[in-house]
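Everything below belongs to coords-v2.txt, which stores compact mmCIF, C-alpha atoms and all ligand atoms.
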# COMPACT_ATOMS: atom_id res chain seq x y z
CA MET A 138 -32.55 -4.98 -10.37
CA GLU A 139 -28.83 -4.36 -10.80
CA LYS A 140 -27.00 -4.93 -14.08
CA PHE A 141 -23.54 -4.64 -15.55
CA TYR A 142 -22.93 -1.77 -17.93
CA CYS A 143 -20.01 -0.57 -19.98
CA PRO A 144 -18.75 2.93 -19.13
CA GLU A 145 -17.27 3.20 -22.64
CA CYS A 146 -20.13 2.20 -24.95
CA ASP A 147 -23.20 1.99 -22.65
CA HIS A 148 -23.83 -1.65 -23.51
CA SER A 149 -25.40 -3.57 -20.61
CA TYR A 150 -25.39 -7.19 -19.51
CA PRO A 151 -27.28 -9.25 -16.92
CA ILE A 152 -25.18 -9.90 -13.81
CA HIS A 153 -25.63 -13.67 -14.03
CA SER A 154 -23.98 -13.85 -17.45
CA THR A 155 -20.45 -15.23 -17.55
CA GLN A 156 -19.45 -12.24 -19.68
CA TRP A 157 -16.64 -10.65 -17.66
CA HIS A 158 -15.85 -7.77 -19.99
CA CYS A 159 -17.77 -5.73 -22.56
CA GLU A 160 -17.72 -6.81 -26.20
CA CYS A 161 -15.80 -3.58 -26.82
CA GLY A 162 -13.04 -4.82 -24.46
CA SER A 163 -13.73 -2.47 -21.54
CA PRO A 164 -14.19 -3.70 -17.97
CA LEU A 165 -17.80 -3.49 -16.75
CA ASP A 166 -19.34 -1.46 -13.94
CA LEU A 167 -22.32 -2.26 -11.76
CA LEU A 168 -25.50 -0.23 -12.04
CA TRP A 169 -27.06 -0.28 -8.61
CA THR A 170 -28.66 2.10 -6.12
CA PRO A 171 -27.34 1.77 -2.57
CA LYS A 172 -29.22 3.00 0.47
CA PHE A 173 -27.92 4.27 3.79
CA PHE A 174 -29.93 4.10 7.01
CA LYS A 175 -27.76 5.41 9.83
CA ARG A 176 -30.03 4.08 12.55
CA LYS A 177 -29.92 0.56 11.11
CA ILE A 178 -26.17 0.80 10.61
CA LEU A 179 -25.64 1.74 14.28
CA ARG A 180 -27.72 -1.18 15.53
CA ARG A 181 -25.77 -3.84 13.66
CA ASP A 182 -22.59 -5.80 14.43
CA PHE A 183 -19.34 -3.90 13.96
CA ASN A 184 -18.40 -5.51 10.63
CA LEU A 185 -18.65 -4.51 6.99
CA TRP A 186 -22.12 -6.02 6.61
CA ARG A 187 -23.50 -3.23 8.81
CA TYR A 188 -23.82 -1.24 5.55
CA ARG A 189 -26.16 -3.98 4.34
CA GLU A 190 -28.49 -1.84 2.20
CA ALA A 191 -25.49 -0.42 0.34
CA LEU A 192 -24.08 -3.85 -0.59
CA PRO A 193 -25.45 -5.58 -3.72
CA ILE A 194 -26.49 -8.89 -2.13
CA HIS A 195 -30.23 -9.69 -2.12
CA GLU A 196 -30.73 -12.49 0.37
CA ASP A 197 -29.25 -12.45 3.86
CA ARG A 198 -28.57 -16.16 3.55
CA SER A 199 -26.12 -15.51 0.68
CA ILE A 200 -23.86 -13.52 2.99
CA LEU A 201 -20.51 -15.13 3.78
CA SER A 202 -18.82 -13.59 6.73
CA MET A 203 -15.82 -14.30 8.90
CA GLY A 204 -16.83 -11.37 11.05
CA GLU A 205 -14.58 -8.97 9.15
CA ARG A 206 -14.36 -6.15 11.66
CA VAL A 207 -14.64 -2.48 10.88
CA THR A 208 -10.89 -1.79 10.97
CA PRO A 209 -9.44 0.70 13.48
CA LEU A 210 -8.82 4.26 12.36
CA GLU A 211 -5.67 5.06 14.32
CA GLY A 212 -4.26 8.53 14.77
CA MET A 213 -0.49 8.70 14.07
CA GLU A 214 2.15 11.34 13.66
CA PHE A 215 4.57 11.48 10.75
CA ASP A 216 7.25 14.14 10.87
CA GLY A 217 5.16 16.11 13.35
CA GLN A 218 1.94 15.96 11.36
CA SER A 219 -1.25 14.11 12.34
CA VAL A 220 -2.80 11.56 10.03
CA GLN A 221 -5.46 8.87 10.46
CA ILE A 222 -4.56 5.37 9.32
CA LYS A 223 -6.95 2.47 8.63
CA ILE A 224 -5.40 -0.74 9.93
CA ASP A 225 -6.58 -2.98 7.10
CA TYR A 226 -4.02 -5.75 7.55
CA LEU A 227 -6.23 -6.89 10.44
CA PHE A 228 -8.65 -8.65 8.07
CA PRO A 229 -8.91 -12.47 8.39
CA THR A 230 -6.50 -13.20 5.52
CA GLY A 231 -4.11 -10.36 6.37
CA SER A 232 -4.99 -7.76 3.74
CA TYR A 233 -7.77 -5.39 2.73
CA LYS A 234 -8.61 -7.74 -0.17
CA ASP A 235 -11.10 -9.45 2.16
CA ARG A 236 -13.43 -6.49 1.68
CA GLY A 237 -13.75 -7.33 -2.01
CA ALA A 238 -13.69 -11.10 -1.60
CA ALA A 239 -16.45 -11.10 1.05
CA VAL A 240 -18.88 -9.33 -1.30
CA LEU A 241 -17.78 -10.97 -4.58
CA ILE A 242 -17.89 -14.54 -3.27
CA SER A 243 -21.19 -13.90 -1.44
CA LYS A 244 -22.54 -12.82 -4.83
CA ALA A 245 -21.06 -15.88 -6.54
CA ARG A 246 -22.86 -18.01 -3.98
CA GLU A 247 -26.10 -16.10 -4.57
CA LEU A 248 -25.73 -16.75 -8.31
CA GLY A 249 -25.24 -20.48 -7.68
CA ILE A 250 -21.69 -20.56 -9.02
CA GLN A 251 -19.71 -23.70 -8.15
CA LYS A 252 -16.26 -22.93 -9.45
CA VAL A 253 -14.22 -19.77 -10.00
CA VAL A 254 -10.81 -18.75 -11.32
CA GLU A 255 -8.72 -15.79 -10.18
CA ASP A 256 -5.22 -14.47 -10.78
CA SER A 257 -3.28 -12.39 -8.32
CA SER A 258 0.10 -11.36 -7.06
CA GLY A 259 -0.87 -13.17 -3.84
CA ASN A 260 -3.19 -11.35 -1.45
CA ALA A 261 -6.28 -11.23 -3.67
CA GLY A 262 -5.80 -14.93 -4.40
CA ALA A 263 -5.58 -15.68 -0.68
CA ALA A 264 -8.74 -13.68 0.04
CA ILE A 265 -10.75 -15.28 -2.78
CA ALA A 266 -9.49 -18.75 -1.73
CA ALA A 267 -10.51 -18.20 1.90
CA TYR A 268 -14.04 -17.04 1.11
CA CYS A 269 -14.45 -19.83 -1.47
CA ALA A 270 -13.45 -22.32 1.23
CA LYS A 271 -16.13 -20.84 3.46
CA ALA A 272 -18.69 -21.00 0.62
CA GLY A 273 -17.77 -24.49 -0.56
CA ILE A 274 -16.90 -23.11 -4.01
CA GLU A 275 -14.00 -24.69 -5.88
CA CYS A 276 -11.32 -22.27 -7.01
CA ASP A 277 -8.21 -22.16 -9.17
CA ILE A 278 -5.79 -19.38 -8.23
CA TYR A 279 -3.12 -18.41 -10.77
CA VAL A 280 -0.04 -16.62 -9.45
CA PRO A 281 3.35 -15.61 -10.85
CA GLN A 282 6.06 -18.03 -9.76
CA SER A 283 7.90 -15.21 -7.95
CA THR A 284 5.02 -14.66 -5.46
CA SER A 285 6.03 -14.62 -1.78
CA PRO A 286 6.07 -18.22 -0.44
CA GLY A 287 3.96 -17.17 2.56
CA LYS A 288 1.11 -16.21 0.22
CA LEU A 289 1.46 -19.47 -1.76
CA VAL A 290 1.25 -21.63 1.37
CA GLN A 291 -1.74 -19.63 2.56
CA ILE A 292 -3.63 -20.09 -0.74
CA GLN A 293 -2.99 -23.86 -0.66
CA MET A 294 -3.97 -24.13 2.97
CA TYR A 295 -7.44 -22.79 2.09
CA GLY A 296 -7.77 -25.73 -0.30
CA ALA A 297 -7.55 -23.77 -3.55
CA ASN A 298 -5.87 -25.24 -6.63
CA LEU A 299 -2.68 -23.21 -6.89
CA LYS A 300 -1.44 -22.67 -10.46
CA LYS A 301 2.04 -21.20 -10.62
CA VAL A 302 2.76 -19.44 -13.89
CA LYS A 303 6.30 -19.09 -15.21
CA GLY A 304 6.61 -15.45 -16.15
CA SER A 305 5.30 -12.08 -15.12
CA ARG A 306 2.10 -10.92 -13.45
CA GLU A 307 0.91 -9.97 -16.95
CA GLU A 308 1.60 -13.45 -18.36
CA THR A 309 -0.32 -14.87 -15.38
CA ALA A 310 -3.30 -12.69 -16.28
CA ARG A 311 -3.23 -13.90 -19.89
CA VAL A 312 -3.23 -17.58 -18.87
CA THR A 313 -6.13 -16.94 -16.45
CA MET A 314 -8.23 -15.13 -19.06
CA ARG A 315 -8.08 -18.23 -21.23
CA ALA A 316 -9.35 -20.32 -18.31
CA ALA A 317 -12.04 -17.71 -17.65
CA GLY A 318 -13.63 -18.59 -20.98
CA ARG A 319 -14.96 -21.72 -19.26
CA THR A 320 -15.25 -20.80 -15.59
CA TYR A 321 -16.63 -17.83 -13.60
CA TYR A 322 -13.91 -15.18 -13.40
CA ALA A 323 -13.80 -13.96 -9.78
CA SER A 324 -11.28 -11.30 -10.76
CA HIS A 325 -10.52 -8.49 -8.35
CA CYS A 326 -9.64 -6.33 -11.37
CA TRP A 327 -12.45 -7.16 -13.80
CA ASN A 328 -15.39 -8.15 -11.60
CA PRO A 329 -17.33 -5.08 -10.37
CA PHE A 330 -18.64 -6.93 -7.30
CA PHE A 331 -15.11 -6.84 -5.88
CA LEU A 332 -15.10 -3.03 -6.01
CA HIS A 333 -18.51 -3.04 -4.33
CA GLY A 334 -16.76 -4.74 -1.42
CA THR A 335 -13.68 -2.53 -1.30
CA LYS A 336 -16.00 0.51 -1.22
CA THR A 337 -16.76 -0.36 2.44
CA PHE A 338 -13.40 1.32 3.14
CA ALA A 339 -15.18 4.61 2.38
CA PHE A 340 -18.28 3.81 4.43
CA GLU A 341 -16.19 2.95 7.51
CA ILE A 342 -14.19 6.17 7.29
CA TRP A 343 -17.41 8.16 6.83
CA GLU A 344 -18.84 6.64 10.01
CA GLN A 345 -15.58 6.81 12.00
CA LEU A 346 -15.14 10.50 11.21
CA GLY A 347 -18.64 11.22 12.52
CA TRP A 348 -20.50 10.84 9.18
CA ARG A 349 -18.07 13.07 7.30
CA SER A 350 -15.52 12.63 4.54
CA PRO A 351 -11.82 13.48 4.97
CA ASP A 352 -10.12 15.98 2.66
CA THR A 353 -7.58 13.57 1.22
CA LEU A 354 -6.98 9.83 0.86
CA ILE A 355 -3.49 8.44 0.27
CA LEU A 356 -3.86 5.01 -1.36
CA PRO A 357 -1.78 2.45 -3.29
CA ILE A 358 -2.25 1.92 -7.01
CA GLY A 359 -1.57 -1.42 -8.63
CA HIS A 360 -4.85 -2.35 -10.28
CA GLY A 361 -6.44 0.37 -8.17
CA THR A 362 -9.08 -1.80 -6.50
CA LEU A 363 -8.88 0.05 -3.20
CA LEU A 364 -8.67 3.49 -4.82
CA LEU A 365 -11.62 2.79 -7.13
CA GLY A 366 -13.58 1.18 -4.29
CA ALA A 367 -13.01 4.26 -2.13
CA TYR A 368 -14.07 6.47 -5.03
CA ILE A 369 -17.26 4.47 -5.63
CA GLY A 370 -18.07 4.44 -1.90
CA PHE A 371 -17.66 8.17 -1.41
CA LYS A 372 -19.48 8.86 -4.67
CA GLU A 373 -22.44 6.78 -3.51
CA LEU A 374 -22.46 8.67 -0.21
CA LYS A 375 -22.41 11.98 -2.05
CA GLU A 376 -25.21 10.96 -4.40
CA ALA A 377 -27.26 9.86 -1.39
CA GLY A 378 -26.76 13.33 0.12
CA GLU A 379 -24.73 11.99 3.07
CA ILE A 380 -21.53 13.96 2.38
CA LYS A 381 -20.68 17.15 0.52
CA LYS A 382 -17.52 16.14 -1.30
CA ILE A 383 -15.53 13.15 -2.49
CA PRO A 384 -12.02 13.30 -0.95
CA LYS A 385 -9.02 14.14 -3.07
CA LEU A 386 -7.45 10.86 -4.21
CA VAL A 387 -3.66 10.65 -4.06
CA GLY A 388 -2.34 7.41 -5.58
CA ILE A 389 1.05 5.86 -4.85
CA GLN A 390 3.07 3.72 -7.28
CA SER A 391 6.52 2.17 -7.16
CA SER A 392 8.98 4.17 -9.27
CA THR A 393 10.01 0.92 -11.00
CA CYS A 394 6.46 0.28 -12.23
CA ALA A 395 4.45 3.46 -12.60
CA PRO A 396 2.19 3.44 -15.68
CA ILE A 397 -0.53 5.54 -14.02
CA TYR A 398 2.00 8.11 -12.83
CA HIS A 399 3.37 8.54 -16.36
CA ALA A 400 -0.10 8.81 -17.88
CA PHE A 401 -1.07 11.39 -15.25
CA LEU A 402 2.01 13.52 -15.91
CA LYS A 403 1.62 13.42 -19.67
CA GLY A 404 -2.12 14.10 -19.61
CA LEU A 405 -2.95 10.71 -21.18
CA THR A 406 -6.36 9.08 -20.65
CA VAL A 407 -4.98 5.52 -20.69
CA PRO A 408 -1.70 4.26 -19.20
CA PRO A 409 1.16 3.74 -21.64
CA TYR A 410 2.89 0.40 -21.89
CA LEU A 411 6.15 0.57 -19.94
CA ARG A 412 8.70 -2.09 -19.10
CA LYS A 413 8.71 -2.69 -15.39
CA GLY A 414 11.70 -3.08 -13.12
CA GLU A 415 12.11 -5.08 -9.94
CA THR A 416 10.35 -3.91 -6.78
CA MET A 417 9.80 -5.46 -3.38
CA ALA A 418 6.29 -3.96 -3.51
CA GLU A 419 4.96 -7.01 -5.40
CA GLY A 420 1.30 -6.09 -4.77
CA ILE A 421 1.49 -2.91 -6.84
CA ALA A 422 3.88 -4.12 -9.55
CA ILE A 423 1.15 -3.92 -12.20
CA ALA A 424 2.33 -2.88 -15.67
CA GLU A 425 -1.10 -3.16 -17.32
CA PRO A 426 -3.78 -1.89 -14.91
CA ILE A 427 -7.12 -3.11 -16.26
CA ARG A 428 -9.06 -0.08 -15.04
CA GLY A 429 -6.31 2.43 -15.80
CA ARG A 430 -8.68 4.83 -17.51
CA GLN A 431 -11.04 4.84 -14.51
CA ILE A 432 -8.17 5.36 -12.05
CA LEU A 433 -6.97 8.37 -14.03
CA ASN A 434 -10.50 9.80 -14.26
CA ALA A 435 -11.16 9.41 -10.53
CA THR A 436 -7.82 10.95 -9.58
CA ARG A 437 -8.27 13.93 -11.90
CA GLU A 438 -11.93 14.48 -11.04
CA THR A 439 -11.15 14.76 -7.32
CA GLY A 440 -8.21 17.12 -7.84
CA GLY A 441 -5.78 14.44 -6.75
CA GLU A 442 -2.37 13.37 -7.98
CA ILE A 443 -0.03 10.40 -8.35
CA LEU A 444 3.31 10.06 -6.56
CA THR A 445 6.05 7.45 -6.91
CA VAL A 446 8.37 6.03 -4.27
CA THR A 447 11.78 4.37 -4.49
CA GLU A 448 12.87 1.06 -2.99
CA ARG A 449 14.88 2.92 -0.38
CA GLU A 450 11.87 4.99 0.66
CA ILE A 451 9.74 1.83 0.87
CA GLY A 452 12.33 0.16 3.10
CA SER A 453 12.58 3.07 5.47
CA ALA A 454 8.78 3.48 5.68
CA MET A 455 8.48 -0.20 6.56
CA LYS A 456 11.02 0.24 9.32
CA GLU A 457 9.31 3.37 10.63
CA MET A 458 5.97 1.56 10.81
CA GLY A 459 7.64 -1.29 12.70
CA ARG A 460 8.84 1.23 15.27
CA LYS A 461 5.23 2.41 15.58
CA GLY A 462 4.14 -1.17 16.36
CA HIS A 463 2.92 -2.20 12.90
CA PHE A 464 4.62 -5.00 10.93
CA ILE A 465 3.55 -4.46 7.32
CA GLU A 466 4.60 -5.86 3.96
CA PRO A 467 6.68 -3.81 1.50
CA THR A 468 3.64 -3.13 -0.72
CA ALA A 469 1.85 -1.57 2.24
CA ALA A 470 4.97 0.40 3.16
CA ALA A 471 5.00 1.94 -0.32
CA THR A 472 1.76 3.76 0.52
CA ILE A 473 3.27 5.11 3.75
CA ALA A 474 6.38 6.24 1.89
CA GLY A 475 4.05 8.11 -0.48
CA LEU A 476 2.14 9.59 2.44
CA LYS A 477 5.39 10.96 3.87
CA LYS A 478 6.25 12.49 0.52
CA TYR A 479 2.81 14.10 0.29
CA LEU A 480 3.04 15.50 3.83
CA ARG A 481 6.21 17.41 2.96
CA ARG A 482 4.20 19.79 0.84
CA LYS A 483 0.58 19.43 1.85
CA PRO A 484 -1.66 22.41 2.44
CA LYS A 485 -2.03 22.98 6.21
CA SER A 486 -5.07 21.64 8.08
CA GLU A 487 -5.99 18.95 5.57
CA ALA A 488 -7.67 15.91 7.15
CA ILE A 489 -5.76 12.97 5.68
CA VAL A 490 -6.58 9.26 5.82
CA SER A 491 -4.28 6.49 4.60
CA THR A 492 -4.05 2.76 5.19
CA LEU A 493 -1.89 -0.25 6.09
CA THR A 494 -3.02 -2.68 3.39
CA GLY A 495 -1.18 -5.92 4.28
CA THR A 496 0.67 -7.74 7.05
CA GLY A 497 4.44 -8.28 6.90
CA LEU A 498 4.22 -11.92 7.95
CA LYS A 499 3.55 -13.29 4.45
CA ALA A 500 6.46 -11.50 2.81
CA LEU A 501 9.46 -12.43 4.97
CA GLU A 502 11.70 -13.38 2.01
CA LYS A 503 11.01 -10.11 0.18
CA ILE A 504 11.82 -8.21 3.37
CA LYS A 505 15.06 -10.09 3.99
CA ILE A 506 16.30 -9.59 0.44
CA CYS A 507 16.11 -5.83 0.71
CA ASN A 508 18.44 -5.56 3.71
CA ILE A 509 16.25 -3.35 5.84
CA MET A 510 17.08 -5.40 8.90
CA LYS A 511 20.41 -3.64 9.27
C1 LIG A 601 -3.44 -5.62 -3.71
C2 LIG A 601 -2.65 -4.84 -2.76
C3 LIG A 601 -2.39 -3.47 -2.95
C4 LIG A 601 -2.77 -2.72 -4.19
O1 LIG A 601 -4.07 -2.86 -4.57
P1 LIG A 601 -4.52 -2.64 -6.07
O2 LIG A 601 -5.92 -3.00 -6.09
O3 LIG A 601 -3.72 -3.56 -6.96
O4 LIG A 601 -4.27 -1.22 -6.41
C5 LIG A 601 -1.72 -2.80 -1.95
N1 LIG A 601 -1.28 -3.41 -0.84
C6 LIG A 601 -1.48 -4.72 -0.63
C7 LIG A 601 -0.95 -5.34 0.62
C8 LIG A 601 -2.18 -5.47 -1.57
O5 LIG A 601 -2.38 -6.78 -1.36
ZN ZN A 602 -18.31 -1.45 -24.15
Show me this structure written as structure tokens.
Amino acid sequence: MEKFYCPECDHSYPIHSTQWHCECGSPLDLLWTPKFFKRKILRRDFNLWRYREALPIHEDRSILSMGERVTPLEGMEFDGQSVQIKIDYLFPTGSYKDRGAAVLISKARELGIQKVVEDSSGNAGAAIAAYCAKAGIECDIYVPQSTSPGKLVQIQMYGANLKKVKGSREETARVTMRAAGRTYYASHCWNPFFLHGTKTFAFEIWEQLGWRSPDTLILPIGHGTLLLGAYIGFKELKEAGEIKKIPKLVGIQSSTCAPIYHAFLKGLTVPPYLRKGETMAEGIAIAEPIRGRQILNATRETGGEILTVTEREIGSAMKEMGRKGHFIEPTAAATIAGLKKYLRRKPKSEAIVSTLTGTGLKALEKIKICNIMK
């Protein structure tokens, strides 16, 4: 049976407890042994549940699915160099957060939970709200007041109780934690089941590359739920003997809010507290990443690095993606801006995979404000 354990002090907890962090304050991880049966995988529908034996859900009837497809891995050229890009804005709610929400809310249903709370800068809240609607689970979603109106309308349309918090993303988190004392905390940052959904990003790439891992992944870092999911996924594949190495993880932050970048440069094991500035990349404007220590460990262990991008670089990456036929939100464009920076000095013949994390349609105001239409 799986359990929660603390990577800091080795304390463990049953998964049905409402304890969402260790008594020592650390976020919890999931202890669980996944299995991979390629022949079974190939026989199943082309959605993330095809990796069924690697996902921590016991009963098939607990599974909530909107047929989340395995997202395309599209070959593209940037400045004359070839890269493969996962088109993750094609998920039902318009961002990769559906990977995590599908598994976390399926688990909540399996555990018999009737109400959850979550806080988010928008996309995670929309994903949790959509899967809760599907499950018939009540949910309260806390968001900072400055969240893109498109995301707010979407969350309400799914029937969630939208709680707008005056103040920052960090203040929003503090208000939600108080509510989480009474209600199941379906947090994409704290709850390990979310990461056991985002890890399907790794499984899909492994299959799409012919059961191999790429050399390098270029991924966004806010709370790091995609980066840590990818790390867990490739680590599980390696431990199962399916691949030889975990790809090098290259994380991208906005230069106005880059706690992980500063920790990485200074050799710190936890991110420092820094004041954050304004950025149109609202999805990665995270000053206090909950799993900062784990993000730094994973990046260092794989020989990776952290890069930052400016508002101007984000704007021009968004425009370039538009001209390639992909309308993405500024947060997603930040990753592509980072990819372009990385490509300028990458070792030749590296196989690189990156991603388009969210659609542009929810963030029209943020896009207009930054004048990239000119
Ligand atoms: C959430 C989000 C990110 C960043 O994910 P983290 O888990 O916070 O690192 C990137 N892009 C989009 C579109 C997002 O919604
Ligand atoms: Zn602990």
Please identify every polymer residue within 8 Å of ligand LIG 601 (chain A), using all atoms listed in the file, and present the set as a JSON list (two decimals) with C-alpha atoms, in the frame of the given file.
[["chain", "number", "residue", "atom", "x", "y", "z"],
["A", 226, "TYR", "CA", -4.02, -5.75, 7.55],
["A", 232, "SER", "CA", -4.99, -7.76, 3.74],
["A", 233, "TYR", "CA", -7.77, -5.39, 2.73],
["A", 234, "LYS", "CA", -8.61, -7.74, -0.17],
["A", 258, "SER", "CA", 0.10, -11.36, -7.06],
["A", 259, "GLY", "CA", -0.87, -13.17, -3.84],
["A", 260, "ASN", "CA", -3.19, -11.35, -1.45],
["A", 261, "ALA", "CA", -6.28, -11.23, -3.67],
["A", 325, "HIS", "CA", -10.52, -8.49, -8.35],
["A", 326, "CYS", "CA", -9.64, -6.33, -11.37],
["A", 357, "PRO", "CA", -1.78, 2.45, -3.29],
["A", 358, "ILE", "CA", -2.25, 1.92, -7.01],
["A", 359, "GLY", "CA", -1.57, -1.42, -8.63],
["A", 360, "HIS", "CA", -4.85, -2.35, -10.28],
["A", 361, "GLY", "CA", -6.44, 0.37, -8.17],
["A", 362, "THR", "CA", -9.08, -1.80, -6.50],
["A", 363, "LEU", "CA", -8.88, 0.05, -3.20],
["A", 364, "LEU", "CA", -8.67, 3.49, -4.82],
["A", 420, "GLY", "CA", 1.30, -6.09, -4.77],
["A", 421, "ILE", "CA", 1.49, -2.91, -6.84],
["A", 423, "ILE", "CA", 1.15, -3.92, -12.20],
["A", 466, "GLU", "CA", 4.60, -5.86, 3.96],
["A", 467, "PRO", "CA", 6.68, -3.81, 1.50],
["A", 468, "THR", "CA", 3.64, -3.13, -0.72],
["A", 469, "ALA", "CA", 1.85, -1.57, 2.24],
["A", 472, "THR", "CA", 1.76, 3.76, 0.52],
["A", 493, "LEU", "CA", -1.89, -0.25, 6.09],
["A", 494, "THR", "CA", -3.02, -2.68, 3.39],
["A", 495, "GLY", "CA", -1.18, -5.92, 4.28],
["A", 496, "THR", "CA", 0.67, -7.74, 7.05]]
*Around (-18.6, -1.4, 12.6) in the file's frame, which residues reach within 10 Å when counting all atoms listed in the file? Return as a list of chain:residue names?*
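Those within range, by chain then number, are A:Ile178, A:Leu179, A:Arg180, A:Arg181, A:Asp182, A:Phe183, A:Asn184, A:Leu185, A:Trp186, A:Arg187, A:Tyr188, A:Glu205, A:Arg206, A:Val207, A:Thr208, A:Pro209, A:Phe340, A:Glu341, A:Glu344, A:Gln345.
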*Counting only C-alpha atoms and all ligand atoms, name the residues that have an atom within 8 Å of an atom of ligand ZN 602 (chain A); the answer should be given as an NGL selection string.*
:A and (142-148 or 158-165)
*Could you name the residues that touch Val387 in chain A at 7 Å or less, counting only C-alpha atoms, but leaving out those on the same chain fewer than 4 positions away, as an MDAnalysis selection string?*
chainID A and resid 354:356 436 441:443
*asked:* Calculated over only C-alpha atoms, which of the candidates A:Tyr279, A:Glu379, A:Ala297, A:Gly475 has the smallest distance to Arg315 in chain A?
replied: A:Tyr279
*A:Lys271, A:Arg189, A:Lys385, A:Lys252: which is nearest Met203 in chain A, counting all atoms listed in the file?*
A:Lys271
_Excluding Lys382 in chain A and its own-chain neighbours fewer than 4 positions away, which residues fall within 8 Å of it when counting all atoms listed in the file? Please give them as a count of residues only._
3
_Between CA of Ile389 in chain A and CA of Leu289 in chain A, what distance in Å does the model show, to one decimal?_
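About the pair CA of Ile389 in chain A and CA of Leu289 in chain A: they are 25.5 Å apart.
Proximity of A:Ile292, A:Met417, A:Leu192, A:Met458 to Thr170 in chain A, computed with all atoms listed in the file, is greatest for A:Leu192.
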*Between CA of Ala238 in chain A and CA of Gly334 in chain A, what is the spacing in Å?*
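Between these atoms lies a distance of 7.1 Å.
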*asked:* What's the separation between CA of Phe331 in chain A and CA of Gly237 in chain A, in Å to one decimal place?
replied: 4.1 Å
Give me range 266-277 of chain A with N, CA, C and O atoms filled in, as a PDB file, in the coordinates of the input.
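Full text of result19.pdb as output:
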ATOM      1  N   ALA A 266      -9.570 -17.331  -2.135  1.00  0.00           N
ATOM      2  CA  ALA A 266      -9.490 -18.750  -1.730  1.00  0.00           C
ATOM      3  C   ALA A 266     -10.150 -18.966  -0.381  1.00  0.00           C
ATOM      4  O   ALA A 266     -10.872 -19.947  -0.174  1.00  0.00           O
ATOM      5  N   ALA A 267      -9.934 -18.040   0.559  1.00  0.00           N
ATOM      6  CA  ALA A 267     -10.510 -18.200   1.900  1.00  0.00           C
ATOM      7  C   ALA A 267     -12.040 -18.141   1.861  1.00  0.00           C
ATOM      8  O   ALA A 267     -12.721 -18.980   2.458  1.00  0.00           O
ATOM      9  N   TYR A 268     -12.580 -17.161   1.155  1.00  0.00           N
ATOM     10  CA  TYR A 268     -14.040 -17.040   1.110  1.00  0.00           C
ATOM     11  C   TYR A 268     -14.663 -18.170   0.293  1.00  0.00           C
ATOM     12  O   TYR A 268     -15.769 -18.621   0.598  1.00  0.00           O
ATOM     13  N   CYS A 269     -13.953 -18.660  -0.729  1.00  0.00           N
ATOM     14  CA  CYS A 269     -14.450 -19.830  -1.470  1.00  0.00           C
ATOM     15  C   CYS A 269     -14.477 -21.056  -0.562  1.00  0.00           C
ATOM     16  O   CYS A 269     -15.401 -21.867  -0.635  1.00  0.00           O
ATOM     17  N   ALA A 270     -13.466 -21.195   0.293  1.00  0.00           N
ATOM     18  CA  ALA A 270     -13.450 -22.320   1.230  1.00  0.00           C
ATOM     19  C   ALA A 270     -14.690 -22.246   2.123  1.00  0.00           C
ATOM     20  O   ALA A 270     -15.396 -23.230   2.330  1.00  0.00           O
ATOM     21  N   LYS A 271     -14.964 -21.054   2.593  1.00  0.00           N
ATOM     22  CA  LYS A 271     -16.130 -20.840   3.460  1.00  0.00           C
ATOM     23  C   LYS A 271     -17.437 -21.151   2.718  1.00  0.00           C
ATOM     24  O   LYS A 271     -18.379 -21.689   3.296  1.00  0.00           O
ATOM     25  N   ALA A 272     -17.469 -20.820   1.419  1.00  0.00           N
ATOM     26  CA  ALA A 272     -18.690 -21.000   0.620  1.00  0.00           C
ATOM     27  C   ALA A 272     -18.822 -22.403   0.051  1.00  0.00           C
ATOM     28  O   ALA A 272     -19.873 -22.766  -0.460  1.00  0.00           O
ATOM     29  N   GLY A 273     -17.744 -23.194   0.096  1.00  0.00           N
ATOM     30  CA  GLY A 273     -17.770 -24.490  -0.560  1.00  0.00           C
ATOM     31  C   GLY A 273     -17.711 -24.364  -2.079  1.00  0.00           C
ATOM     32  O   GLY A 273     -18.257 -25.186  -2.810  1.00  0.00           O
ATOM     33  N   ILE A 274     -17.071 -23.309  -2.564  1.00  0.00           N
ATOM     34  CA  ILE A 274     -16.900 -23.110  -4.010  1.00  0.00           C
ATOM     35  C   ILE A 274     -15.470 -23.512  -4.375  1.00  0.00           C
ATOM     36  O   ILE A 274     -14.524 -23.151  -3.677  1.00  0.00           O
ATOM     37  N   GLU A 275     -15.334 -24.292  -5.452  1.00  0.00           N
ATOM     38  CA  GLU A 275     -14.000 -24.690  -5.880  1.00  0.00           C
ATOM     39  C   GLU A 275     -13.294 -23.500  -6.528  1.00  0.00           C
ATOM     40  O   GLU A 275     -13.933 -22.718  -7.225  1.00  0.00           O
ATOM     41  N   CYS A 276     -11.991 -23.358  -6.300  1.00  0.00           N
ATOM     42  CA  CYS A 276     -11.320 -22.270  -7.010  1.00  0.00           C
ATOM     43  C   CYS A 276      -9.909 -22.604  -7.454  1.00  0.00           C
ATOM     44  O   CYS A 276      -9.174 -23.329  -6.789  1.00  0.00           O
ATOM     45  N   ASP A 277      -9.565 -22.079  -8.624  1.00  0.00           N
ATOM     46  CA  ASP A 277      -8.210 -22.160  -9.170  1.00  0.00           C
ATOM     47  C   ASP A 277      -7.598 -20.775  -9.048  1.00  0.00           C
ATOM     48  O   ASP A 277      -8.166 -19.808  -9.555  1.00  0.00           O
TER      49      ASP A 277
END
